[in-house]
>>> print(open('data15.csv').read())   # CSV, C-alpha atoms
chain,number,residue,atom,x,y,z
A,116,MET,CA,143.3,-28.4,24.2
A,117,SER,CA,146.1,-30.9,25.1
A,118,ASP,CA,145.4,-33.9,27.3
A,119,PHE,CA,147.6,-32.4,30.0
A,120,ALA,CA,145.6,-29.1,30.0
A,121,SER,CA,142.3,-30.9,29.9
A,122,THR,CA,143.3,-33.0,32.9
A,123,ALA,CA,144.5,-29.9,34.8
A,124,HIS,CA,141.2,-28.2,34.0
A,125,SER,CA,139.2,-31.2,35.2
A,126,LEU,CA,141.2,-31.4,38.5
A,127,GLU,CA,140.6,-27.6,39.1
A,128,ALA,CA,136.8,-28.1,38.5
A,129,ALA,CA,136.8,-31.1,40.9
A,130,GLN,CA,138.6,-29.2,43.6
A,131,PHE,CA,136.2,-26.3,43.3
A,132,ALA,CA,133.2,-28.6,43.5
A,133,GLN,CA,134.7,-30.2,46.6
A,134,GLN,CA,135.2,-26.8,48.2
A,135,PHE,CA,131.9,-25.2,47.2
A,136,VAL,CA,129.0,-25.7,49.7
A,137,PRO,CA,125.7,-24.3,48.5
A,138,PRO,CA,124.2,-21.9,51.0
A,139,GLU,CA,121.5,-23.1,53.3
A,140,LEU,CA,120.5,-19.6,54.3
A,141,ALA,CA,120.5,-16.3,52.4
A,142,ILE,CA,120.5,-13.1,54.3
A,143,VAL,CA,118.9,-10.3,52.2
A,144,VAL,CA,119.7,-6.8,53.3
A,145,PRO,CA,118.2,-3.8,51.5
A,146,THR,CA,120.4,-0.7,51.8
A,147,PHE,CA,120.5,3.0,51.1
A,148,ASN,CA,123.5,4.9,52.5
A,149,GLU,CA,124.8,2.2,54.7
A,150,TYR,CA,128.5,2.3,53.8
A,151,ASP,CA,129.7,2.4,57.4
A,152,ASN,CA,127.5,-0.6,58.4
A,153,VAL,CA,127.9,-3.3,55.8
A,154,GLY,CA,131.5,-4.4,56.7
A,155,LEU,CA,130.7,-4.7,60.4
A,156,LEU,CA,127.4,-6.5,59.5
A,157,TYR,CA,129.3,-9.2,57.6
A,158,GLU,CA,131.7,-9.7,60.6
A,159,SER,CA,128.7,-10.0,63.0
A,160,LEU,CA,126.9,-12.5,60.7
A,161,SER,CA,130.0,-14.6,60.3
A,162,ALA,CA,130.3,-14.9,64.1
A,163,ALA,CA,126.6,-15.7,64.6
A,164,LEU,CA,126.3,-18.2,61.7
A,165,GLU,CA,129.5,-20.2,62.3
A,166,GLY,CA,128.9,-23.8,61.1
A,167,ILE,CA,126.0,-22.7,58.8
A,168,SER,CA,126.4,-22.4,55.1
A,169,TRP,CA,125.1,-18.9,54.2
A,170,GLU,CA,125.3,-16.0,51.8
A,171,LEU,CA,124.8,-12.3,52.1
A,172,ILE,CA,122.8,-10.6,49.4
A,173,VAL,CA,122.8,-6.8,49.6
A,174,VAL,CA,120.2,-5.0,47.5
A,175,ASP,CA,121.4,-1.4,47.2
A,176,ASP,CA,119.2,1.4,45.8
A,177,ASN,CA,122.2,3.2,44.1
A,178,SER,CA,123.3,4.8,47.4
A,179,PRO,CA,125.2,8.1,46.9
A,180,ASP,CA,127.6,7.2,49.7
A,181,HIS,CA,128.9,4.2,47.6
A,182,THR,CA,127.5,1.4,49.7
A,183,ALA,CA,127.5,-0.8,46.6
A,184,GLU,CA,131.2,-0.3,46.0
A,185,ARG,CA,131.9,-1.3,49.6
A,186,VAL,CA,129.8,-4.4,49.2
A,187,LYS,CA,131.6,-5.3,46.0
A,188,ALA,CA,134.9,-4.9,47.8
A,189,LEU,CA,133.7,-7.3,50.4
A,190,SER,CA,132.6,-9.8,47.7
A,191,ARG,CA,136.2,-9.9,46.4
A,192,GLN,CA,137.3,-11.0,49.8
A,193,HIS,CA,134.5,-13.3,50.6
A,194,GLY,CA,132.8,-15.7,48.2
A,195,ASN,CA,129.5,-15.6,50.0
A,196,VAL,CA,128.7,-11.9,49.4
A,197,ARG,CA,126.7,-10.6,46.5
A,198,CYS,CA,125.5,-7.1,45.6
A,199,ILE,CA,122.5,-6.2,43.6
A,200,ARG,CA,122.7,-2.5,42.6
A,201,ARG,CA,119.4,-1.1,41.4
A,202,LEU,CA,119.3,1.9,39.1
A,203,GLY,CA,116.2,4.1,38.6
A,204,ARG,CA,114.0,2.4,41.2
A,205,ARG,CA,113.8,2.4,45.0
A,206,GLY,CA,111.7,0.9,47.8
A,207,LEU,CA,112.2,-1.5,50.6
A,208,SER,CA,109.6,-4.1,49.7
A,209,SER,CA,110.7,-4.4,46.0
A,210,ALA,CA,114.3,-4.6,47.2
A,211,CYS,CA,113.5,-7.5,49.5
A,212,ILE,CA,111.5,-9.3,46.7
A,213,GLU,CA,114.4,-9.0,44.3
A,214,GLY,CA,117.0,-10.2,46.8
A,215,ILE,CA,114.9,-13.2,47.8
A,216,MET,CA,114.2,-14.2,44.2
A,217,ALA,CA,117.9,-14.0,43.4
A,218,THR,CA,118.9,-16.9,45.7
A,219,ALA,CA,118.6,-20.6,45.5
A,220,ALA,CA,119.0,-21.1,49.2
A,221,PRO,CA,116.1,-23.0,50.7
A,222,PHE,CA,115.8,-20.5,53.6
A,223,VAL,CA,115.9,-16.7,53.4
A,224,ALA,CA,116.2,-14.0,56.1
A,225,VAL,CA,115.5,-10.3,55.7
A,226,MET,CA,117.2,-7.8,58.1
A,227,ASP,CA,118.5,-4.2,58.2
A,228,ALA,CA,122.1,-3.2,57.8
A,229,ASP,CA,122.1,-0.8,60.7
A,230,HIS,CA,122.7,-3.4,63.5
A,231,GLN,CA,119.4,-2.8,65.2
A,232,HIS,CA,118.4,-6.4,64.5
A,233,ASP,CA,120.1,-9.0,66.6
A,234,GLU,CA,121.8,-11.4,64.2
A,235,ARG,CA,122.6,-13.8,67.1
A,236,ILE,CA,119.0,-15.1,67.0
A,237,LEU,CA,119.3,-16.2,63.4
A,238,PRO,CA,120.4,-19.8,64.2
A,239,GLY,CA,117.4,-20.3,66.4
A,240,MET,CA,115.1,-18.8,63.8
A,241,LEU,CA,116.6,-21.1,61.1
A,242,ALA,CA,116.1,-24.2,63.4
A,243,ARG,CA,112.4,-23.3,63.7
A,244,ALA,CA,112.1,-23.0,59.9
A,245,GLU,CA,113.9,-26.3,59.4
A,246,ALA,CA,111.5,-27.9,61.7
A,247,GLY,CA,108.6,-26.9,59.4
A,248,ILE,CA,107.6,-23.3,60.3
A,249,ASP,CA,107.0,-21.2,57.1
A,250,LEU,CA,107.7,-17.8,58.7
A,251,VAL,CA,109.8,-17.0,61.8
A,252,VAL,CA,109.6,-13.4,62.9
A,253,GLY,CA,112.1,-11.5,65.1
A,254,SER,CA,109.7,-9.7,67.5
A,255,ARG,CA,110.5,-6.6,69.6
A,256,PHE,CA,107.2,-7.0,71.5
A,257,VAL,CA,106.7,-10.7,72.2
A,258,GLY,CA,108.4,-10.0,75.6
A,259,GLY,CA,106.9,-6.6,76.1
A,260,ASP,CA,107.7,-3.0,75.0
A,261,GLU,CA,111.0,-3.0,76.9
A,262,SER,CA,112.7,-5.0,74.2
A,263,ALA,CA,112.1,-2.2,71.7
A,264,ALA,CA,112.8,0.7,74.0
A,265,LYS,CA,116.6,0.6,73.7
A,266,GLY,CA,116.6,1.3,69.9
A,267,LEU,CA,113.7,3.7,69.6
A,268,SER,CA,113.0,7.2,70.9
A,269,SER,CA,109.8,7.7,73.0
A,270,THR,CA,108.1,9.3,69.9
A,271,ARG,CA,109.1,6.5,67.6
A,272,LEU,CA,108.1,3.8,70.1
A,273,TRP,CA,104.7,5.4,70.4
A,274,GLY,CA,104.4,5.5,66.6
A,275,SER,CA,105.5,1.9,66.3
A,276,ASN,CA,102.9,0.8,68.9
A,277,PHE,CA,100.2,2.7,67.0
A,278,ALA,CA,101.3,1.2,63.6
A,279,THR,CA,101.3,-2.2,65.3
A,280,ARG,CA,97.7,-1.7,66.4
A,281,LEU,CA,96.7,-0.6,62.9
A,282,SER,CA,98.4,-3.6,61.4
A,283,GLY,CA,96.6,-5.9,63.9
A,284,MET,CA,93.3,-4.9,62.2
A,285,VAL,CA,94.4,-6.7,59.0
A,286,VAL,CA,96.6,-9.5,60.4
A,287,GLY,CA,94.4,-10.3,63.4
A,288,GLY,CA,96.2,-11.6,66.5
A,289,ARG,CA,98.8,-13.7,64.6
A,290,LEU,CA,101.7,-11.4,65.3
A,291,THR,CA,102.9,-9.3,68.2
A,292,ASP,CA,105.1,-7.3,65.8
A,293,PRO,CA,103.6,-7.1,62.3
A,294,MET,CA,105.8,-4.0,61.6
A,295,SER,CA,109.0,-6.1,62.1
A,296,GLY,CA,111.6,-5.8,59.4
A,297,PHE,CA,113.4,-8.9,60.7
A,298,PHE,CA,112.2,-12.3,59.6
A,299,LEU,CA,113.3,-15.7,58.2
A,300,MET,CA,111.2,-18.0,56.0
A,301,ARG,CA,111.2,-20.9,53.7
A,302,ARG,CA,111.9,-19.7,50.2
A,303,GLU,CA,109.3,-21.9,48.6
A,304,ALA,CA,106.7,-20.4,50.9
A,305,PHE,CA,107.7,-16.9,49.8
A,306,GLU,CA,107.6,-17.8,46.1
A,307,ARG,CA,104.0,-19.0,46.5
A,308,VAL,CA,102.8,-15.4,47.1
A,309,ALA,CA,105.6,-13.4,45.6
A,310,GLN,CA,103.7,-12.3,42.5
A,311,SER,CA,100.8,-11.0,44.6
A,312,LEU,CA,103.0,-8.7,46.9
A,313,ALA,CA,102.9,-5.0,46.5
A,314,GLU,CA,106.3,-3.7,45.4
A,315,ASP,CA,105.6,-0.1,46.4
A,316,GLY,CA,105.5,-0.7,50.1
A,317,PHE,CA,107.7,-0.2,53.2
A,318,LYS,CA,106.7,-3.2,55.5
A,319,ILE,CA,106.8,-6.4,53.5
A,320,LEU,CA,106.0,-8.6,56.5
A,321,LEU,CA,102.5,-7.2,56.8
A,322,ASP,CA,101.9,-7.8,53.1
A,323,LEU,CA,103.3,-11.4,53.3
A,324,VAL,CA,101.0,-12.4,56.2
A,325,VAL,CA,97.8,-10.8,54.8
A,326,THR,CA,98.4,-11.9,51.2
A,327,SER,CA,99.2,-15.5,52.1
A,328,GLY,CA,96.1,-15.7,54.4
A,329,ARG,CA,93.8,-14.4,51.6
A,330,SER,CA,95.3,-16.8,49.1
A,331,GLY,CA,93.9,-19.8,51.1
A,332,GLU,CA,97.4,-21.0,52.1
A,333,PRO,CA,98.1,-19.1,55.4
A,334,LEU,CA,101.7,-19.2,56.6
A,335,SER,CA,102.6,-21.1,59.8
A,336,ILE,CA,104.2,-18.5,62.0
A,337,ALA,CA,106.5,-18.4,65.0
A,338,GLU,CA,108.0,-15.5,66.8
A,339,VAL,CA,111.5,-15.2,68.5
A,340,PRO,CA,112.1,-12.3,70.9
A,341,TYR,CA,115.1,-10.1,70.7
A,342,THR,CA,116.2,-6.7,72.0
A,343,PHE,CA,116.0,-3.9,69.5
A,344,ARG,CA,119.4,-2.2,69.5
A,345,ALA,CA,120.4,1.4,68.8
A,346,ARG,CA,121.5,2.2,65.2
A,347,ASN,CA,125.3,1.7,64.7
A,348,ALA,CA,125.9,4.5,62.1
A,349,GLY,CA,124.0,6.6,59.5
A,350,GLU,CA,120.5,8.0,59.7
A,351,SER,CA,117.1,6.3,60.1
A,352,LYS,CA,115.1,5.9,57.0
A,353,MET,CA,111.9,6.6,58.9
A,354,SER,CA,110.2,9.7,57.5
A,355,ALA,CA,106.8,11.3,56.8
A,356,LEU,CA,106.9,9.6,53.3
A,357,VAL,CA,107.5,6.2,54.8
A,358,THR,CA,104.6,6.8,57.2
A,359,LEU,CA,102.3,7.7,54.3
A,360,GLN,CA,103.5,4.6,52.3
A,361,PHE,CA,102.7,2.4,55.3
A,362,LEU,CA,99.2,3.9,55.6
A,363,GLY,CA,98.7,3.3,51.8
A,364,LEU,CA,99.6,-0.4,52.2
A,365,TRP,CA,97.5,-0.7,55.4
A,366,PHE,CA,94.5,0.8,53.6
A,367,SER,CA,95.0,-1.4,50.6
A,368,LYS,CA,95.1,-4.6,52.8
A,369,LEU,CA,92.1,-3.3,54.8
A,370,THR,CA,90.1,-3.1,51.5
A,371,GLY,CA,91.2,-6.6,50.5
A,372,GLY,CA,93.6,-5.2,47.9
A,373,VAL,CA,90.8,-3.5,45.9
A,374,VAL,CA,92.6,-0.1,46.5
A,375,PRO,CA,96.3,-0.1,45.4
A,376,PRO,CA,98.7,1.1,48.1
A,377,THR,CA,99.7,4.2,46.1
A,378,PHE,CA,96.1,5.3,45.4
A,379,LEU,CA,95.7,6.7,48.9
A,380,LEU,CA,98.7,9.0,48.4
A,381,PHE,CA,97.5,9.9,44.9
A,382,ALA,CA,94.1,10.9,46.3
A,383,MET,CA,95.6,12.9,49.2
A,384,VAL,CA,97.7,14.8,46.7
A,385,GLY,CA,94.6,15.4,44.7
A,386,ILE,CA,92.8,16.9,47.7
A,387,SER,CA,95.7,19.2,48.3
A,388,GLY,CA,95.5,20.2,44.7
A,389,VAL,CA,91.9,21.3,45.2
A,390,ALA,CA,93.1,23.7,47.9
A,391,VAL,CA,95.8,25.1,45.5
A,392,HIS,CA,93.1,25.5,42.8
A,393,LEU,CA,90.8,27.5,45.1
A,394,VAL,CA,93.5,29.7,46.5
A,395,THR,CA,94.9,30.5,43.0
A,396,LEU,CA,91.4,31.2,41.7
A,397,TRP,CA,90.7,33.6,44.6
A,398,LEU,CA,94.0,35.4,44.2
A,399,PHE,CA,93.5,36.0,40.4
A,400,THR,CA,89.8,37.0,40.6
A,401,ASN,CA,90.7,39.5,43.3
A,402,ILE,CA,93.1,41.3,40.9
A,403,ASP,CA,90.3,41.6,38.3
A,404,THR,CA,91.4,38.7,36.1
A,405,PRO,CA,88.5,37.5,34.0
A,406,PHE,CA,87.0,34.4,35.6
A,407,VAL,CA,87.7,32.1,32.6
A,408,ALA,CA,91.3,33.1,32.5
A,409,ALA,CA,91.6,32.8,36.3
A,410,GLN,CA,90.1,29.3,36.1
A,411,ILE,CA,92.6,28.2,33.5
A,412,ILE,CA,95.5,29.5,35.5
A,413,ALA,CA,94.2,27.9,38.7
A,414,THR,CA,93.7,24.6,36.9
A,415,LEU,CA,97.3,24.6,35.5
A,416,ALA,CA,98.6,25.6,39.0
A,417,ALA,CA,96.7,22.7,40.6
A,418,MET,CA,97.9,20.2,37.9
A,419,THR,CA,101.5,21.4,38.3
A,420,TRP,CA,101.2,21.1,42.1
A,421,ASN,CA,99.8,17.6,41.9
A,422,PHE,CA,102.4,16.4,39.4
A,423,ALA,CA,105.3,17.7,41.6
A,424,LEU,CA,103.9,16.1,44.8
A,425,ASN,CA,103.2,12.8,43.1
A,426,ASN,CA,106.7,12.8,41.6
A,427,VAL,CA,108.3,13.1,45.1
A,428,LEU,CA,105.7,11.2,47.2
A,429,THR,CA,103.5,8.8,45.4
A,430,TYR,CA,106.1,7.7,42.9
A,431,ALA,CA,109.3,8.4,44.8
A,432,ASP,CA,110.7,5.1,43.5
A,433,ARG,CA,110.1,6.1,39.9
A,434,ARG,CA,110.9,9.9,40.3
A,435,LEU,CA,111.3,11.7,37.0
A,436,ARG,CA,114.3,13.8,36.5
A,437,GLY,CA,115.9,15.9,33.7
A,438,ALA,CA,114.2,15.9,30.4
A,439,ARG,CA,111.7,13.2,31.5
A,440,LEU,CA,110.5,15.6,34.2
A,441,TRP,CA,109.2,18.0,31.6
A,442,THR,CA,107.8,15.5,29.2
A,443,GLY,CA,106.2,13.8,32.1
A,444,LEU,CA,104.6,17.1,33.2
A,445,LEU,CA,103.2,17.7,29.7
A,446,GLY,CA,101.8,14.2,29.6
A,447,PHE,CA,100.3,14.7,33.1
A,448,TYR,CA,98.5,17.9,31.8
A,449,LEU,CA,97.1,15.8,28.9
A,450,VAL,CA,95.9,12.9,31.1
A,451,CYS,CA,94.3,15.2,33.7
A,452,SER,CA,92.5,17.1,30.9
A,453,LEU,CA,91.0,13.8,29.7
A,454,GLY,CA,90.2,13.0,33.4
A,455,GLY,CA,88.3,16.3,33.6
A,456,ILE,CA,86.2,15.3,30.6
A,457,ALA,CA,85.5,12.0,32.3
A,458,ASN,CA,84.5,13.9,35.5
A,459,ILE,CA,82.1,16.2,33.7
A,460,SER,CA,80.6,13.3,31.6
A,461,VAL,CA,79.9,11.1,34.6
A,462,ALA,CA,78.6,13.9,36.7
A,463,SER,CA,76.3,15.1,34.0
A,464,VAL,CA,74.8,11.7,33.4
A,465,ILE,CA,74.1,11.1,37.1
A,466,TYR,CA,72.7,14.6,37.6
A,467,GLU,CA,70.3,14.2,34.7
A,468,TYR,CA,69.2,10.8,36.0
A,469,ARG,CA,69.0,11.5,39.8
A,470,GLY,CA,69.0,15.3,40.0
A,471,ALA,CA,71.4,15.1,43.0
A,472,THR,CA,74.1,17.7,42.7
A,473,PHE,CA,76.4,16.4,45.5
A,474,LEU,CA,76.2,12.8,44.4
A,475,ALA,CA,76.8,13.8,40.8
A,476,GLY,CA,79.8,15.9,41.8
A,477,LEU,CA,81.3,13.2,44.0
A,478,ALA,CA,80.9,10.5,41.4
A,479,GLY,CA,82.5,12.7,38.8
A,480,ALA,CA,85.5,13.5,41.1
A,481,VAL,CA,85.9,9.8,42.0
A,482,MET,CA,85.8,8.9,38.3
A,483,SER,CA,88.4,11.4,37.3
A,484,SER,CA,90.7,10.4,40.2
A,485,VAL,CA,90.6,6.7,39.3
A,486,PHE,CA,91.1,7.6,35.6
A,487,ASN,CA,94.0,9.9,36.3
A,488,TYR,CA,95.6,7.4,38.7
A,489,ALA,CA,95.4,4.5,36.3
A,490,VAL,CA,96.6,6.3,33.2
A,491,THR,CA,99.4,8.3,34.8
A,492,ARG,CA,100.7,5.2,36.5
A,493,ILE,CA,101.0,3.5,33.1
A,494,VAL,CA,102.0,6.6,31.0
A,495,THR,CA,103.7,9.2,33.2
A,496,TRP,CA,105.4,7.1,35.9
A,497,ARG,CA,105.7,3.8,34.0
A,498,SER,CA,108.2,1.4,35.7
>>> encode(input="data15.csv", output="structure tokens")
Amino acid sequence: MSDFASTAHSLEAAQFAQQFVPPELAIVVPTFNEYDNVGLLYESLSAALEGISWELIVVDDNSPDHTAERVKALSRQHGNVRCIRRLGRRGLSSACIEGIMATAAPFVAVMDADHQHDERILPGMLARAEAGIDLVVGSRFVGGDESAAKGLSSTRLWGSNFATRLSGMVVGGRLTDPMSGFFLMRREAFERVAQSLAEDGFKILLDLVVTSGRSGEPLSIAEVPYTFRARNAGESKMSALVTLQFLGLWFSKLTGGVVPPTFLLFAMVGISGVAVHLVTLWLFTNIDTPFVAAQIIATLAAMTWNFALNNVLTYADRRLRGARLWTGLLGFYLVCSLGGIANISVASVIYEYRGATFLAGLAGAVMSSVFNYAVTRIVTWRS
């Protein structure tokens, strides 16, 4: 390289260094089908955060409406926009974790893309964090239910209130809105507990507060009120599956983390499989099928039912498709067969020792459920 070219290159680098200001705040936004919202969100954030060095990190779960492409187009126009497009995995909590761990900004905020969260309170939230607060939560309820009523139907408001009461059982009275998806915190405080957070959850704030408290380093918390707005475009992600995922996380935290969040779903699917087994057995025995043959058919029917439900519910973020669906089903048959052997073995030992039929049967069922859950999580639905 000539002296002239070298000098020009050095001048360019110096000019870039003078222009670049590292972000003080990273806004992490998990998305799925939010194409019509992300552009307007950037404009709203730009107005609210004037004078603050910030960046927008969108973590998109491979939205079919091409949200990722829209964000990448924004990033070509604005240097403070980044897109993390995830393939083969989904989930709000894991998306938040990946987004937060991808920034070097000392402060991070998590919010939705649908404009229900009021971005105008972010400067005040940042000021509280800069003053030393670990976690600043945007609360819909610190000023009463009326602040949430505008953005929620009466049914969803009731459900939110009920979930808040359930959450209060594990977080105590530290938060008025433990179900909030809008918060800002010090990145170093997040990183202290990041490895202990559940990735297969829907409400990461609940997990953050409980996990930090049980680690012996509870977060200092402040709440900032805001009015929950109506969704700008698209459809709400709230569903029966999300509700079940929340209950799984709640139960896990209620048990001190002994029970993984997905085990509750796995167990519920297993209970429904018992019903499928009994109905199938009744149908085939009533058409004069030999009992052993009917039992085999009923067992396969229940296994197939359990596999299909677990694939779309318990492991929605790792859902098997195509050829992996069929190899996964065969592997599930094999694992559950081994689980059946474990069930019989444990039940037999307890029955011979105690002579208690119910206790022996229950212990065998629990043993096979734990075995099936642990092995299929590693083998069938490995991440």
>>> closest_residue(input="data15.csv", among="A:Met383, A:Ile248, A:Leu393, A:Val325", to="Ser311 (chain A)", atoms="only C-alpha atoms")
A:Val325
>>> atom_distance(input="data15.csv", atom1="CA of Ser483 (chain A)", atom2="CA of Leu435 (chain A)")
22.9 Å
>>> residues_around(input="data15.csv", residues="region 181-187 of chain A", least_positions_apart="4", cutoff="12 Å", atoms="only C-alpha atoms", output="ChimeraX atom specification")
/A:144-157,171-177,191-202,228,349
>>> write_last_selection(input="data15.csv", atoms="C-alpha atoms", output="short mmCIF file (atom, residue, chain, number, x, y, z; two decimals), in the coordinates of the input")
data_model
loop_
_atom_site.label_atom_id
_atom_site.label_comp_id
_atom_site.auth_asym_id
_atom_site.auth_seq_id
_atom_site.Cartn_x
_atom_site.Cartn_y
_atom_site.Cartn_z
CA VAL A 144 119.70 -6.80 53.30
CA PRO A 145 118.20 -3.80 51.50
CA THR A 146 120.40 -0.70 51.80
CA PHE A 147 120.50 3.00 51.10
CA ASN A 148 123.50 4.90 52.50
CA GLU A 149 124.80 2.20 54.70
CA TYR A 150 128.50 2.30 53.80
CA ASP A 151 129.70 2.40 57.40
CA ASN A 152 127.50 -0.60 58.40
CA VAL A 153 127.90 -3.30 55.80
CA GLY A 154 131.50 -4.40 56.70
CA LEU A 155 130.70 -4.70 60.40
CA LEU A 156 127.40 -6.50 59.50
CA TYR A 157 129.30 -9.20 57.60
CA LEU A 171 124.80 -12.30 52.10
CA ILE A 172 122.80 -10.60 49.40
CA VAL A 173 122.80 -6.80 49.60
CA VAL A 174 120.20 -5.00 47.50
CA ASP A 175 121.40 -1.40 47.20
CA ASP A 176 119.20 1.40 45.80
CA ASN A 177 122.20 3.20 44.10
CA ARG A 191 136.20 -9.90 46.40
CA GLN A 192 137.30 -11.00 49.80
CA HIS A 193 134.50 -13.30 50.60
CA GLY A 194 132.80 -15.70 48.20
CA ASN A 195 129.50 -15.60 50.00
CA VAL A 196 128.70 -11.90 49.40
CA ARG A 197 126.70 -10.60 46.50
CA CYS A 198 125.50 -7.10 45.60
CA ILE A 199 122.50 -6.20 43.60
CA ARG A 200 122.70 -2.50 42.60
CA ARG A 201 119.40 -1.10 41.40
CA LEU A 202 119.30 1.90 39.10
CA ALA A 228 122.10 -3.20 57.80
CA GLY A 349 124.00 6.60 59.50
#
>>> residues_around(input="data15.csv", residues="Val308 (chain A)", least_positions_apart="3", cutoff="10 Å", atoms="all atoms listed in the file", output="list in words")
Glu303, Ala304, Phe305, Ser311, Leu312, Asp322, Leu323, Val324, Thr326, Ser327, Gly328, Ser330 and Glu332 of chain A
>>> closest_residue(input="data15.csv", among="A:Asp233, A:Phe378, A:Ser387, A:Leu398", to="Arg492 (chain A)", atoms="all atoms listed in the file")
A:Phe378
>>> atom_distance(input="data15.csv", atom1="CA of Phe222 (chain A)", atom2="CA of Met300 (chain A)")
5.8 Å
>>> residues_around(input="data15.csv", residues="Tyr430 (chain A)", least_positions_apart="3", cutoff="9 Å", atoms="only C-alpha atoms", output="list in words")
Asp315, Thr377, Leu424, Asn425, Asn426, Val427, Arg433, Arg434, Leu435, Arg492 and Trp496 of chain A
>>> atom_distance(input="data15.csv", atom1="CA of Ser254 (chain A)", atom2="CA of Pro376 (chain A)")
24.8 Å
>>> residues_near_point(input="data15.csv", point="(123.9, -16.6, 53.1)", cutoff="12 Å", atoms="all atoms listed in the file", output="PyMOL selection string")
chain A and resi 136-144+157+160-161+163-173+193-197+214-215+217-225+237+241+299
>>> closest_residue(input="data15.csv", among="A:Asp227, A:Val257, A:Tyr341, A:Asp180", to="Met240 (chain A)", atoms="all atoms listed in the file")
A:Tyr341
>>> residues_around(input="data15.csv", residues="Val490 (chain A)", least_positions_apart="6", cutoff="12 Å", atoms="all atoms listed in the file", output="compact mmCIF listing (two decimals) with C-alpha atoms, in the coordinates of the input")
# COMPACT_ATOMS: atom_id res chain seq x y z
CA GLY A 446 101.80 14.20 29.60
CA PHE A 447 100.30 14.70 33.10
CA TYR A 448 98.50 17.90 31.80
CA LEU A 449 97.10 15.80 28.90
CA VAL A 450 95.90 12.90 31.10
CA CYS A 451 94.30 15.20 33.70
CA SER A 452 92.50 17.10 30.90
CA LEU A 453 91.00 13.80 29.70
CA GLY A 454 90.20 13.00 33.40
CA SER A 483 88.40 11.40 37.30
CA SER A 484 90.70 10.40 40.20
CA TRP A 496 105.40 7.10 35.90
CA ARG A 497 105.70 3.80 34.00
